[in-house]
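Q: Sharing model-v6.txt here; it has compact mmCIF, C-alpha atoms and all ligand atoms.
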```txt
# COMPACT_ATOMS: atom_id res chain seq x y z
CA MET P 257 68.65 98.65 105.98
CA ASN P 258 69.88 95.07 105.69
CA THR P 259 71.52 94.84 109.09
CA LYS P 260 71.22 91.43 110.63
CA LYS P 261 72.17 91.26 114.27
CA ILE P 262 74.32 88.46 115.54
CA ASP P 263 75.01 87.02 118.98
CA PRO P 264 78.76 86.58 118.55
CA ALA P 265 79.59 85.37 122.06
CA SER P 266 76.90 82.68 122.06
CA ASN P 267 77.95 81.60 118.59
CA ILE P 268 81.50 81.03 119.84
CA GLN P 269 80.28 79.17 122.93
CA ALA P 270 78.09 76.94 120.78
CA LEU P 271 81.16 75.48 119.09
CA LYS P 272 81.83 72.97 121.93
CA GLN P 273 85.53 72.81 121.23
CA PHE P 274 87.35 70.43 123.56
CA GLY P 275 90.61 68.55 123.58
CA GLU P 276 91.86 64.98 123.43
CA PHE P 277 91.31 63.12 126.74
CA GLY P 278 88.38 65.42 127.51
CA GLY P 279 90.46 68.57 128.04
CA VAL P 280 88.17 71.59 128.32
CA ASN P 281 90.52 73.43 125.98
CA PRO P 282 91.33 72.05 122.53
CA SER P 283 94.64 70.19 122.41
CA ILE P 284 97.55 72.11 120.94
CA THR P 285 98.91 70.50 117.82
CA ASP P 286 102.63 70.93 118.05
CA SER P 287 103.46 69.52 114.63
CA ALA P 288 104.60 71.08 111.38
CA THR P 289 103.73 68.03 109.29
CA PHE P 290 101.07 65.29 109.46
CA THR P 291 100.99 61.58 108.62
CA PHE P 292 98.67 59.95 106.10
CA MET P 293 97.46 56.36 106.28
CA THR P 294 97.15 56.07 102.51
CA ALA P 295 98.98 57.66 99.62
CA LYS P 296 95.69 58.61 98.02
CA SER P 297 94.52 60.69 100.97
CA MET P 298 97.79 62.64 100.81
CA LEU P 299 97.30 63.37 97.11
CA ASP P 300 93.66 64.38 97.72
CA THR P 301 94.75 66.78 100.45
CA PHE P 302 97.23 68.40 98.06
CA HIS P 303 94.36 68.92 95.67
CA GLY P 304 92.26 70.43 98.47
CA GLU P 305 89.75 67.58 98.35
CA ALA P 306 90.28 65.79 101.65
CA GLU P 307 88.01 67.42 104.23
CA GLY P 308 89.41 67.24 107.78
CA CYS P 309 92.92 66.15 106.73
CA PHE P 310 95.95 68.20 107.61
CA LEU P 311 98.98 68.26 105.36
CA TYR P 312 101.49 70.81 106.56
CA ALA P 313 101.12 73.51 109.20
CA ARG P 314 101.74 76.45 106.83
CA HIS P 315 98.68 75.31 104.91
CA TRP P 316 96.42 74.41 107.84
CA ASN P 317 96.84 72.98 111.31
CA PRO P 318 94.28 71.90 113.91
CA SER P 319 95.06 74.63 116.46
CA ASN P 320 94.60 77.33 113.84
CA LYS P 321 91.43 75.63 112.66
CA TYR P 322 89.87 75.88 116.16
CA LEU P 323 90.65 79.60 116.29
CA ALA P 324 89.49 80.16 112.70
CA ASP P 325 86.20 78.40 113.48
CA ALA P 326 85.67 80.67 116.50
CA LEU P 327 86.33 83.74 114.35
CA ALA P 328 83.93 82.57 111.66
CA ALA P 329 81.30 81.95 114.36
CA MET P 330 81.83 85.47 115.71
CA GLU P 331 81.54 87.11 112.27
CA GLY P 332 78.87 84.90 110.74
CA THR P 333 81.19 83.98 107.86
CA GLU P 334 81.56 80.51 106.40
CA ALA P 335 85.26 80.34 107.14
CA ALA P 336 88.36 82.14 108.39
CA TRP P 337 92.16 81.88 108.27
CA VAL P 338 94.61 83.14 110.88
CA THR P 339 97.81 85.01 110.15
CA GLY P 340 100.98 86.01 111.95
CA SER P 341 99.90 89.69 112.07
CA GLY P 342 97.11 92.04 111.10
CA MET P 343 99.28 93.37 108.27
CA ALA P 344 99.69 89.79 107.01
CA ALA P 345 95.91 89.42 106.87
CA ILE P 346 95.42 92.74 105.06
CA THR P 347 98.25 92.29 102.54
CA THR P 348 97.21 88.69 101.81
CA VAL P 349 93.74 89.88 100.85
CA PHE P 350 95.04 92.70 98.62
CA LEU P 351 97.53 90.46 96.85
CA GLN P 352 94.98 87.68 96.39
CA LEU P 353 92.35 89.96 94.84
CA CYS P 354 94.58 92.19 92.69
CA ASN P 355 96.80 91.54 89.72
CA ALA P 356 99.27 93.96 88.16
CA GLY P 357 97.28 96.72 86.48
CA ASP P 358 94.37 96.58 88.91
CA HIS P 359 93.03 99.36 91.09
CA ILE P 360 91.91 99.74 94.72
CA VAL P 361 89.66 102.38 96.27
CA SER P 362 90.67 102.87 99.90
CA SER P 363 89.60 105.01 102.77
CA MET P 364 92.00 107.88 103.32
CA THR P 365 91.93 107.24 107.05
CA THR P 366 93.35 103.81 107.70
CA TYR P 367 95.90 102.30 110.00
CA GLY P 368 99.31 103.81 109.11
CA GLY P 369 100.84 100.48 108.03
CA THR P 370 97.93 99.82 105.69
CA PHE P 371 98.29 103.28 104.22
CA ALA P 372 102.02 102.76 103.71
CA PHE P 373 101.45 99.40 101.99
CA LEU P 374 98.83 100.85 99.66
CA ASN P 375 100.69 104.06 98.95
CA ASN P 376 104.35 102.98 98.90
CA TYR P 377 104.47 99.23 98.30
CA LEU P 378 101.73 98.33 95.81
CA PRO P 379 103.14 100.63 93.08
CA LYS P 380 105.91 98.00 92.75
CA PHE P 381 103.25 95.71 91.32
CA ASN P 382 101.62 98.42 89.24
CA ILE P 383 98.52 98.34 91.43
CA ASP P 384 96.96 101.79 91.67
CA VAL P 385 95.18 103.14 94.73
CA THR P 386 92.75 106.04 95.02
CA PHE P 387 92.26 107.36 98.55
CA VAL P 388 88.84 108.78 99.32
CA ASP P 389 86.73 109.77 102.30
CA THR P 390 84.63 106.57 102.49
CA THR P 391 81.95 108.36 104.51
CA ASP P 392 81.29 110.30 101.26
CA LEU P 393 79.46 107.68 99.16
CA GLU P 394 79.51 109.84 96.03
CA ALA P 395 83.30 110.10 96.26
CA VAL P 396 83.52 106.30 96.51
CA LYS P 397 81.31 105.84 93.43
CA LYS P 398 83.33 108.38 91.44
CA ALA P 399 86.62 106.69 92.30
CA ILE P 400 85.60 103.27 90.95
CA ARG P 401 87.14 102.42 87.56
CA PRO P 402 86.71 99.46 85.19
CA ASN P 403 89.87 97.86 86.69
CA THR P 404 88.88 98.42 90.35
CA LYS P 405 88.89 95.15 92.26
CA LEU P 406 87.92 96.23 95.76
CA VAL P 407 86.88 98.98 98.13
CA TYR P 408 88.75 98.98 101.43
CA THR P 409 87.66 100.65 104.64
CA GLU P 410 87.76 100.34 108.42
CA THR P 411 84.43 100.02 110.25
CA MET P 412 85.69 102.53 112.82
CA SER P 413 88.63 104.33 111.33
CA ASN P 414 92.02 104.94 112.84
CA PRO P 415 92.61 107.47 114.33
CA LEU P 416 89.59 109.69 113.59
CA LEU P 417 86.95 107.15 114.70
CA GLN P 418 84.75 107.72 111.67
CA ILE P 419 82.09 105.08 111.10
CA SER P 420 81.70 103.48 107.68
CA ASP P 421 78.22 102.88 106.32
CA ILE P 422 78.89 99.24 105.41
CA PRO P 423 75.41 98.46 103.98
CA ALA P 424 75.58 101.51 101.68
CA LEU P 425 79.16 100.76 100.60
CA SER P 426 78.15 97.15 99.96
CA GLU P 427 75.36 98.29 97.65
CA ILE P 428 77.91 100.22 95.62
CA THR P 429 80.46 97.38 95.42
CA LYS P 430 77.77 94.83 94.53
CA GLN P 431 76.54 97.06 91.69
CA HIS P 432 80.08 97.06 90.29
CA GLY P 433 80.72 93.37 90.96
CA ILE P 434 83.73 94.17 93.16
CA GLN P 435 84.69 93.20 96.71
CA LEU P 436 84.16 95.19 99.89
CA VAL P 437 86.99 94.51 102.34
CA VAL P 438 86.58 95.81 105.89
CA ASP P 439 89.08 96.08 108.75
CA ASN P 440 87.04 95.58 111.95
CA THR P 441 90.00 95.68 114.38
CA PHE P 442 88.56 98.49 116.57
CA THR P 443 85.10 96.99 116.89
CA PRO P 444 84.93 93.18 117.18
CA MET P 445 81.45 92.03 118.26
CA ILE P 446 80.17 95.63 118.12
CA PHE P 447 79.92 95.42 114.33
CA ALA P 448 79.38 92.36 112.13
CA PRO P 449 80.53 93.77 108.77
CA TYR P 450 80.00 90.54 106.86
CA LEU P 451 76.34 90.40 107.84
CA MET P 452 76.00 94.01 106.71
CA GLY P 453 77.27 93.16 103.24
CA ALA P 454 81.08 93.17 103.40
CA ASP P 455 82.70 90.32 101.46
CA ILE P 456 85.85 89.97 103.54
CA VAL P 457 86.54 91.06 107.12
CA VAL P 458 90.11 91.41 108.36
CA TYR P 459 91.46 91.82 111.89
CA SER P 460 94.57 92.63 113.74
CA MET P 461 94.04 90.15 116.57
CA THR P 462 96.99 91.83 118.30
CA LYS P 463 94.43 94.29 119.62
CA TYR P 464 91.03 93.57 121.22
CA ILE P 465 90.58 89.96 120.13
CA ASN P 466 93.64 88.76 122.03
CA GLY P 467 93.57 91.69 124.44
CA LYS P 468 96.78 90.84 126.28
CA ASN P 469 99.44 92.61 124.19
CA ASP P 470 101.55 89.45 124.31
CA ALA P 471 101.19 88.45 120.66
CA VAL P 472 100.98 89.80 117.13
CA ALA P 473 98.33 88.07 115.02
CA GLY P 474 95.68 88.62 112.38
CA ALA P 475 92.63 87.05 110.78
CA ILE P 476 90.75 86.89 107.49
CA CYS P 477 87.03 86.03 107.73
CA ALA P 478 85.30 85.25 104.42
CA SER P 479 83.50 82.70 102.27
CA ASN P 480 84.67 79.09 102.05
CA GLN P 481 85.75 79.78 98.49
CA PHE P 482 87.97 82.73 99.40
CA ILE P 483 89.65 80.80 102.23
CA LEU P 484 90.22 77.87 99.84
CA ASP P 485 91.64 80.32 97.29
CA ILE P 486 94.18 81.92 99.66
CA SER P 487 95.31 78.50 100.95
CA ASP P 488 95.51 76.85 97.53
CA VAL P 489 98.85 75.04 97.21
CA ASN P 490 99.41 76.29 93.66
CA LYS P 491 98.12 79.84 93.66
CA GLY P 492 97.06 80.85 97.18
CA THR P 493 98.66 84.02 98.54
CA ALA P 494 98.59 82.72 102.13
CA MET P 495 100.03 79.34 101.16
CA LEU P 496 102.75 80.80 98.96
CA LEU P 497 103.81 83.87 100.96
CA GLY P 498 103.50 81.88 104.19
CA PRO P 499 102.12 84.39 106.76
CA VAL P 500 100.60 81.62 108.92
CA LEU P 501 100.11 82.10 112.67
CA ASP P 502 102.04 79.82 115.01
CA PRO P 503 99.72 77.18 116.54
CA LEU P 504 100.95 77.80 120.10
CA ARG P 505 99.90 81.43 119.75
CA SER P 506 96.58 80.58 118.17
CA SER P 507 95.70 78.29 121.08
CA ASN P 508 96.36 81.20 123.48
CA ILE P 509 94.30 83.63 121.45
CA LEU P 510 91.39 81.18 121.26
CA LYS P 511 91.12 81.10 125.06
CA ASN P 512 91.09 84.91 125.14
CA MET P 513 88.26 85.02 122.60
CA TYR P 514 85.95 83.45 125.15
CA THR P 515 86.17 86.60 127.32
CA LEU P 516 86.07 89.11 124.46
CA HIS P 517 82.38 89.94 124.95
CA ILE P 518 82.91 90.90 128.60
CA ARG P 519 85.99 92.93 127.80
CA MET P 520 84.31 94.84 124.95
CA LYS P 521 81.46 95.88 127.24
CA GLN P 522 83.85 97.15 129.92
CA HIS P 523 86.10 99.00 127.44
CA SER P 524 82.99 100.68 126.01
CA LYS P 525 81.54 101.54 129.41
CA ASN P 526 84.80 103.15 130.56
CA ALA P 527 85.31 105.09 127.31
CA LEU P 528 81.75 106.45 127.45
CA TYR P 529 82.34 107.56 131.04
CA LEU P 530 85.44 109.50 129.99
CA ALA P 531 83.61 111.04 127.00
CA GLU P 532 80.86 112.30 129.30
CA ARG P 533 83.40 113.87 131.67
CA PHE P 534 85.31 115.47 128.74
CA GLU P 535 82.00 116.91 127.51
CA GLU P 536 81.34 118.40 130.97
CA ILE P 537 84.69 120.16 131.17
CA GLY P 538 84.48 121.41 127.56
CA LEU P 539 87.52 119.49 126.30
CA LYS P 540 87.69 118.86 122.54
CA TYR P 541 87.16 115.13 122.20
CA ASN P 542 85.92 112.59 119.67
CA TYR P 543 83.84 109.57 120.67
CA PRO P 544 81.23 107.86 118.46
CA GLY P 545 79.08 107.15 121.52
CA MET P 546 78.27 110.84 122.00
CA PRO P 547 75.48 112.60 120.06
CA ASN P 548 77.90 115.25 118.75
CA HIS P 549 79.81 112.63 116.72
CA PRO P 550 78.95 112.98 112.99
CA GLN P 551 78.15 109.27 112.62
CA HIS P 552 76.57 108.69 116.04
CA GLU P 553 73.12 107.91 114.62
CA LEU P 554 74.59 105.75 111.87
CA MET P 555 76.57 103.77 114.42
CA LYS P 556 73.46 103.28 116.57
CA SER P 557 71.57 101.91 113.59
CA LEU P 558 74.29 99.40 112.67
CA MET P 559 75.81 98.29 115.96
CA ASN P 560 75.24 95.38 118.25
CA GLU P 561 74.11 97.61 121.09
CA GLU P 562 74.99 95.42 124.04
CA PHE P 563 78.72 95.89 123.38
CA GLY P 564 78.63 99.69 123.45
CA PHE P 565 80.47 102.23 121.31
CA GLY P 566 83.95 100.83 121.74
CA GLY P 567 87.00 101.63 123.82
CA MET P 568 88.68 104.18 121.56
CA ILE P 569 88.45 107.90 122.28
CA ALA P 570 90.53 110.82 121.05
CA ILE P 571 91.13 114.26 122.51
CA ASP P 572 92.60 117.28 120.79
CA MET P 573 95.39 119.04 122.66
CA GLU P 574 95.93 121.36 119.64
CA THR P 575 99.74 120.99 119.52
CA ALA P 576 102.11 118.02 119.66
CA GLU P 577 103.93 119.70 122.58
CA ARG P 578 100.82 119.85 124.75
CA ALA P 579 99.95 116.30 123.78
CA THR P 580 103.40 115.15 124.89
CA GLN P 581 103.18 116.99 128.21
CA LEU P 582 99.80 115.45 128.94
CA MET P 583 100.89 111.93 128.06
CA GLU P 584 104.06 112.12 130.14
CA SER P 585 102.10 113.38 133.11
CA MET P 586 99.39 110.72 132.75
CA GLN P 587 102.01 107.99 132.62
CA LEU P 588 103.68 109.33 135.80
CA LYS P 589 100.30 109.19 137.57
CA ASN P 590 99.79 105.63 136.29
CA VAL P 591 96.65 106.40 134.25
CA GLY P 592 98.14 103.93 131.81
CA TYR P 593 101.04 103.68 129.39
CA HIS P 594 102.35 105.97 126.70
CA ALA P 595 102.41 103.30 124.01
CA VAL P 596 101.03 102.56 120.58
CA SER P 597 98.56 99.73 120.00
CA LEU P 598 95.17 99.19 121.59
CA GLY P 599 92.76 96.74 123.08
CA TYR P 600 94.92 96.13 126.15
CA PHE P 601 93.58 95.75 129.70
CA ARG P 602 95.45 98.91 130.75
CA THR P 603 94.78 102.27 129.14
CA LEU P 604 97.22 103.12 126.34
CA PHE P 605 97.67 106.57 124.83
CA SER P 606 99.69 107.97 121.97
CA ASN P 607 99.92 111.03 119.77
CA SER P 608 98.69 109.66 116.44
CA GLY P 609 100.51 112.12 114.16
CA LYS P 610 103.85 111.21 115.74
CA SER P 611 103.21 107.48 116.05
CA THR P 612 100.66 105.15 114.44
CA SER P 613 99.81 107.61 111.67
CA SER P 614 103.32 108.97 111.15
CA GLU P 615 103.45 107.04 107.86
CA VAL P 616 100.72 109.37 106.61
CA PRO P 617 102.30 112.55 105.13
CA VAL P 618 101.54 115.71 107.11
CA ASP P 619 99.56 117.30 104.25
CA ILE P 620 97.28 114.24 104.08
CA GLN P 621 96.95 114.29 107.88
CA LYS P 622 95.69 117.87 107.43
CA THR P 623 93.29 116.95 104.61
CA MET P 624 91.75 114.21 106.71
CA GLY P 625 91.32 116.60 109.62
CA MET P 626 93.87 115.12 111.99
CA SER P 627 95.15 117.59 114.56
CA PRO P 628 98.87 117.43 115.46
CA GLY P 629 97.74 117.43 119.11
CA LEU P 630 95.47 114.39 118.75
CA VAL P 631 95.87 112.01 121.69
CA ARG P 632 94.29 108.64 121.04
CA PHE P 633 93.25 106.61 124.07
CA SER P 634 92.59 102.91 124.11
CA VAL P 635 90.65 102.88 127.36
CA GLY P 636 91.47 99.96 129.64
CA LEU P 637 89.37 97.65 131.77
CA ASP P 638 89.77 99.87 134.89
CA ASN P 639 87.42 98.79 137.64
CA ASP P 640 87.32 102.36 139.00
CA ILE P 641 87.25 104.58 135.93
CA GLU P 642 86.15 107.53 138.09
CA ALA P 643 89.50 107.40 139.88
CA SER P 644 91.31 107.15 136.55
CA TYR P 645 89.42 110.18 135.28
CA LYS P 646 90.47 112.19 138.35
CA LEU P 647 94.10 111.48 137.48
CA ILE P 648 93.56 112.52 133.84
CA LYS P 649 91.91 115.72 135.07
CA GLU P 650 94.88 116.47 137.35
CA SER P 651 97.21 116.04 134.38
CA LEU P 652 95.03 118.35 132.24
CA ASP P 653 94.94 120.98 134.99
CA GLU P 654 98.74 120.99 135.23
CA LEU P 655 99.16 122.08 131.58
C1 LIG S 701 97.29 97.38 114.46
C2 LIG S 701 96.40 97.49 113.32
C3 LIG S 701 96.68 96.82 112.12
C4 LIG S 701 97.95 96.02 111.92
O1 LIG S 701 97.98 94.89 112.72
P1 LIG S 701 99.33 94.17 113.22
O2 LIG S 701 98.80 93.04 114.02
O3 LIG S 701 100.11 95.16 114.00
O4 LIG S 701 100.05 93.72 111.99
C5 LIG S 701 95.76 96.93 111.09
N1 LIG S 701 94.63 97.64 111.22
C6 LIG S 701 94.33 98.30 112.35
C7 LIG S 701 93.06 99.08 112.43
C8 LIG S 701 95.20 98.26 113.43
O5 LIG S 701 94.91 98.92 114.55
```
Would you mind writing the file out in structure tokens?
A:
Amino acid sequence: MNTKKIDPASNIQALKQFGEFGGVNPSITDSATFTFMTAKSMLDTFHGEAEGCFLYARHWNPSNKYLADALAAMEGTEAAWVTGSGMAAITTVFLQLCNAGDHIVSSMTTYGGTFAFLNNYLPKFNIDVTFVDTTDLEAVKKAIRPNTKLVYTETMSNPLLQISDIPALSEITKQHGIQLVVDNTFTPMIFAPYLMGADIVVYSMTKYINGKNDAVAGAICASNQFILDISDVNKGTAMLLGPVLDPLRSSNILKNMYTLHIRMKQHSKNALYLAERFEEIGLKYNYPGMPNHPQHELMKSLMNEEFGFGGMIAIDMETAERATQLMESMQLKNVGYHAVSLGYFRTLFSNSGKSTSSEVPVDIQKTMGMSPGLVRFSVGLDNDIEASYKLIKESLDEL
């Protein structure tokens, strides 16, 4: 298996990014436009030929460049570009790679917004999508057509926590000369999809990467060429649709990236603790870190072990009513918050079918094996996870 390991945290630290006047943090560039000393250098920048020059902040700006460099260092890609949301990153990639008449093969289990874009929005442009179970490699192969431009999957899928075999999917896409695009939002640092053969890695930085739930942001990590293509002044999807991240936000997110490795380890440690307790009490749960998970061995063979199996865990309460009762009780006991999203320092929980996957029609929810009582936890950074578990157990016992 062609899985190269990476030391993402050290790669970020090695960047030695510092600010004007010796600031330990890079200076924030609070400018929408930039001066040029000569007319020629302005023209060259328009043509994408002036390395290190900034033209206009929608195209590039120094604060975003610092963050993009940190993301590229984390992923092992040549370059990156940062967007105003995860959806902006995902839709920019789709619209850059596909023309009218093209076709996409996508995992059936994706983030609800991604599913809605693929299923409801792309038909406007006559772009066809086939949804498959991407853990079934034969199904992926069968779905590829002559006009297929890309295969899209999530490394750890939302909300079922299935693990994609990125090296095997990459073999398939390379054979067909098409792109493999991977959403790694649930598992930064744990997986390095690009080094396993993905062509483009996208993130919602709203989640773990920022980790503070105070900003919406996204990222595209890819080759130099792809980043040049999306930011091209004449044809680039990012340049022309304008989903750029605000530089004040990107400077905040950059600082949070320097603690991401510590946070990922703690999220994983706490989630594994809960999984082990749920196993003991015979609760129906789903966590890739436990041997009963269908892709546990696959995950072990692909992951960067020091960061653990991630902070996402799901339990099955069978019905939406029981899920609601549990969540309301857990919130009263201050286990965490009944809220969508993930990667926060407090535990968040939601009923996927009624929230983040509600865009997915109920019959498809059934096909993909999603129970109406599924409660998805994004386990927080709790210092005393044993105490948190006791509160969860009290809430379970009250049902
Ligand atoms: C949240 C999320 C997105 C969308 O990101 P936004 O920042 O909310 O636009 C995409 N993919 C996954 C897996 C997500 O969890």
Q: With stretch 590-596 of chain P as the partner and 12 Å as the cut-off, tabulate the residues of stretch 387-477 of chain P that qualify, each row holding the nearest pair of atoms and their distance in Å to one decimal, using only C-alpha atoms, sorted by chain and rising number, as JSON lines.
A:
```
{"residue": "P:Pro415", "atom": "CA", "partner": "P:Val596", "partner_atom": "CA", "distance": 11.6}
{"residue": "P:Thr462", "atom": "CA", "partner": "P:Val596", "partner_atom": "CA", "distance": 11.7}
{"residue": "P:Lys463", "atom": "CA", "partner": "P:Val596", "partner_atom": "CA", "distance": 10.6}
{"residue": "P:Asn469", "atom": "CA", "partner": "P:Val596", "partner_atom": "CA", "distance": 10.7}
```
Q: Env of P:Tyr541: 9 Å cut, atoms = all atoms listed in the file, seq-sep filter 5 positions within chain, self excluded. Answer as a list in words.
A: Ala531, Phe534, Glu535, Ile569, Ala570, Ile571 and Asp572 of chain P
Q: Please find the residues contacting ligand LIG 701 (chain S) at a distance of at most 10 Å between atoms, with all atoms listed in the file counted, and report them as an MDAnalysis selection string.
A: chainID P and resid 339:347 365:371 409:415 438:443 458:464 471:475 596:599 612
Q: Might you pull out every residue within 8 Å of stretch 381-397 of chain P, with all atoms listed in the file counted and same-chain residues fewer than 5 positions away left off, and present them as an NGL selection string?
A: :P and (354-365 or 374-375 or 409 or 418-421 or 424-425 or 428)
Q: How many Å separate atom CA of P:Val338 from atom CA of P:Leu501?
A: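 Taking atom CA of P:Val338 and atom CA of P:Leu501, their separation equals 5.9 Å.
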Q: Write out as a Markdown table a residue-level contact list of stretch 384-487 of chain P versus stretch 504-512 of chain P with cut-off 8 Å: for each qualifying residue the closest pair of atoms and the distance in Å to one decimal, counting all atoms listed in the file, rows sorted by chain and residue number upward.
A:
```
| residue | atom | partner | partner_atom | distance |
| --- | --- | --- | --- | --- |
| P:Ile465 | CA | P:Asn512 | CA | 7.1 |
| P:Asn466 | CA | P:Ile509 | CA | 5.2 |
| P:Gly467 | CA | P:Asn512 | CA | 7.3 |
| P:Ala471 | CA | P:Arg505 | CA | 7.2 |
```
Q: Between atom CA of P:Glu562 and atom CA of P:Ile268, what is the spacing in Å?
A: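 If I compute the distance from atom CA of P:Ile268 to atom CA of P:Glu562, I get 16.3 Å.
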Q: May I ask for the distance between atom CA of P:Leu271 and atom CA of P:Asp325, given in Å to one decimal place?
A: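 Calculated distance between atom CA of P:Leu271 and atom CA of P:Asp325 is 8.1 Å.
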Q: Against stretch 446-455 of chain P, which residues of stretch 320-393 of chain P fall within 8 Å? For each one I want the closest pair of atoms and the distance in Å (one decimal), counting all atoms listed in the file, rows by chain and increasing residue number, as a Markdown table.
A:
```
| residue | atom | partner | partner_atom | distance |
| --- | --- | --- | --- | --- |
| P:Glu331 | CA | P:Ala448 | CA | 5.7 |
| P:Gly332 | CA | P:Leu451 | CA | 6.7 |
| P:Thr333 | CA | P:Tyr450 | CA | 6.7 |
```
Q: When distances are computed from all atoms listed in the file, which of P:Phe565, P:Leu484, P:Ser651, P:Asn560 shows the smallest separation from P:Glu307?
A: P:Leu484
Q: If we count all atoms listed in the file and set the cut-off at 6 Å, which residues sit around stretch 517-528 of chain P, ignoring sequence neighbours fewer than 4 positions away in its own chain? Please answer as an MDAnalysis selection string.
A: chainID P and resid 563:567 635:637
Q: Take the residues from that selection and write them out as an mmCIF file, in the coordinates of the input, keeping C-alpha atoms.
A:
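The result, written out as result23.cif:
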```
data_model
loop_
_atom_site.group_PDB
_atom_site.id
_atom_site.type_symbol
_atom_site.label_atom_id
_atom_site.label_comp_id
_atom_site.auth_asym_id
_atom_site.auth_seq_id
_atom_site.Cartn_x
_atom_site.Cartn_y
_atom_site.Cartn_z
ATOM 1 C CA PHE P 563 78.720 95.890 123.380
ATOM 2 C CA GLY P 564 78.630 99.690 123.450
ATOM 3 C CA PHE P 565 80.470 102.230 121.310
ATOM 4 C CA GLY P 566 83.950 100.830 121.740
ATOM 5 C CA GLY P 567 87.000 101.630 123.820
ATOM 6 C CA VAL P 635 90.650 102.880 127.360
ATOM 7 C CA GLY P 636 91.470 99.960 129.640
ATOM 8 C CA LEU P 637 89.370 97.650 131.770
#
```
Q: Give the padded box for stretch 437-446 of chain P as AutoDock Vina command-line options: axis-aligned, covering all atoms listed in the file, 4 Å on each side, centre and edge lengths in Å to one decimal.
A:
```
--center_x 85.1 --center_y 95.3 --center_z 110.3 --size_x 17.8 --size_y 14.5 --size_z 23.9
```
Q: When you count only C-alpha atoms, which of these residues is closest to P:Met624: P:Leu417, P:Ala399, P:Leu588, P:Ile284?
A: P:Leu417
